[in-house]
Amino acid sequence: MPTPIPAPLEDQNYISLKTFRKSGVGVATPVWFGEQDGKLYVMTRSDMGKTKRIRNNPQVRVAPCTMRGRVTGPEFPATARILLPEDHARARQAINRKYWMARIPLIWWRTDTYFELTFA
């Protein structure tokens with residue numbers, strides 16, 4: 001059973017999502033995220049590097065960070081799952097509740113992939 005969202009991540013504006021290359025080298029990216037039912041949701045595009053890396057290895061690390069990606073707290077292990085299209089609406093709603101800019105379709109029209117992050 002997944003554990004709840006770690007307290008240092010709750011109500012943050014950004015998280016650093018560290019995905020791993022096949023070589024094992026981590027690549028951290030600051031991202032927006034939504035929180036719902038003990039899980040985090042992240043939106044992106046299918047052609048982004050983090051999507052490719054998660055397809056190869058769903059184990060990620062998550063930490064609170066600034067808009068520029070400077071980590072401001074502890075890092076936590078998590079498992080990322082690429083959501084099926086029928087689950088996109090739930091993830092999108094979680095993100096839209098948190099960020100008013102996420103509701104502007106013109107800006108995010110190319111977003112076609114959502115991740116669900118659960119904590120071990």
# chains A, B, ... in the order shown; residues from 1 in each chain; ligands from 1

call {"tool": "select_by_dssp", "arguments": {"residues": "chain A", "states": "helix (DSSP H, G or I)", "output": "number ranges by chain"}}
result
A: 7-9, 49-56, 85-98, 100-103, 105-108

call {"tool": "closest_residue", "arguments": {"among": "A:Gln59, A:Thr44, A:Thr79, A:Asn13", "to": "A:Gly26", "atoms": "only C-alpha atoms"}}
result
A:Gln59

call {"tool": "closest_residue", "arguments": {"among": "A:Arg68, A:Val60, A:Pro6, A:Tyr41", "to": "A:Thr19", "atoms": "only C-alpha atoms"}}
result
A:Val60

call {"tool": "atom_distance", "arguments": {"atom1": "atom CA of A:Phe76", "atom2": "atom CA of A:Arg61"}}
result
5.4 Å

call {"tool": "residues_around", "arguments": {"residues": "A:Lys22", "least_positions_apart": "4", "cutoff": "10 Å", "atoms": "only C-alpha atoms", "output": "list of chain:residue names"}}
result
A:Gly26, A:Arg53, A:Asn56, A:Asn57

call {"tool": "write_last_selection", "arguments": {"atoms": "C-alpha atoms", "output": "tab-separated table (two decimals), in the first residue's frame"}}
result
chain	number	residue	atom	x	y	z
A	26	GLY	CA	19.85	11.33	-12.44
A	53	ARG	CA	13.34	8.00	-18.89
A	56	ASN	CA	12.67	2.91	-19.06
A	57	ASN	CA	12.75	3.22	-15.25

call {"tool": "residues_around", "arguments": {"residues": "A:Tyr99", "least_positions_apart": "6", "cutoff": "9 Å", "atoms": "only C-alpha atoms", "output": "MDAnalysis selection string"}}
result
chainID A and resid 13 32:34

call {"tool": "write_last_selection", "arguments": {"atoms": "C-alpha atoms", "output": "PDB file, in the first residue's frame"}}
result
ATOM      1  CA  ASN A  13       4.637  25.284  -5.703  1.00  0.00           C
ATOM      2  CA  TRP A  32       4.203  21.739 -11.359  1.00  0.00           C
ATOM      3  CA  PHE A  33       2.155  19.046  -9.675  1.00  0.00           C
ATOM      4  CA  GLY A  34      -1.290  18.328  -8.312  1.00  0.00           C
TER       5      GLY A  34
END

call {"tool": "select_by_dssp", "arguments": {"residues": "chain A", "states": "strand (DSSP E or B)", "output": "number ranges by chain"}}
result
A: 3, 14-20, 26-31, 34-36, 39-44, 59-65, 71, 76-82, 113-119

call {"tool": "atom_distance", "arguments": {"atom1": "atom CA of A:His88", "atom2": "atom CA of A:Gly49"}}
result
19.6 Å

call {"tool": "closest_residue", "arguments": {"among": "A:Ala28, A:Ile15, A:Ala7, A:Leu40", "to": "A:Gln93", "atoms": "only C-alpha atoms"}}
result
A:Leu40

call {"tool": "atom_distance", "arguments": {"atom1": "atom CA of A:Val42", "atom2": "atom CA of A:Tyr114"}}
result
5.5 Å

call {"tool": "closest_residue", "arguments": {"among": "A:Thr51, A:Thr118, A:Thr113, A:Gln12", "to": "A:Met67", "atoms": "only C-alpha atoms"}}
result
A:Gln12

call {"tool": "residues_around", "arguments": {"residues": "A:Arg70", "least_positions_apart": "3", "cutoff": "12 Å", "atoms": "only C-alpha atoms", "output": "number ranges by chain"}}
result
A: 14-17, 28-31, 63-67, 73-74

call {"tool": "closest_residue", "arguments": {"among": "A:Arg45, A:Ser23, A:Glu35, A:Gly69", "to": "A:Asp11", "atoms": "only C-alpha atoms"}}
result
A:Glu35
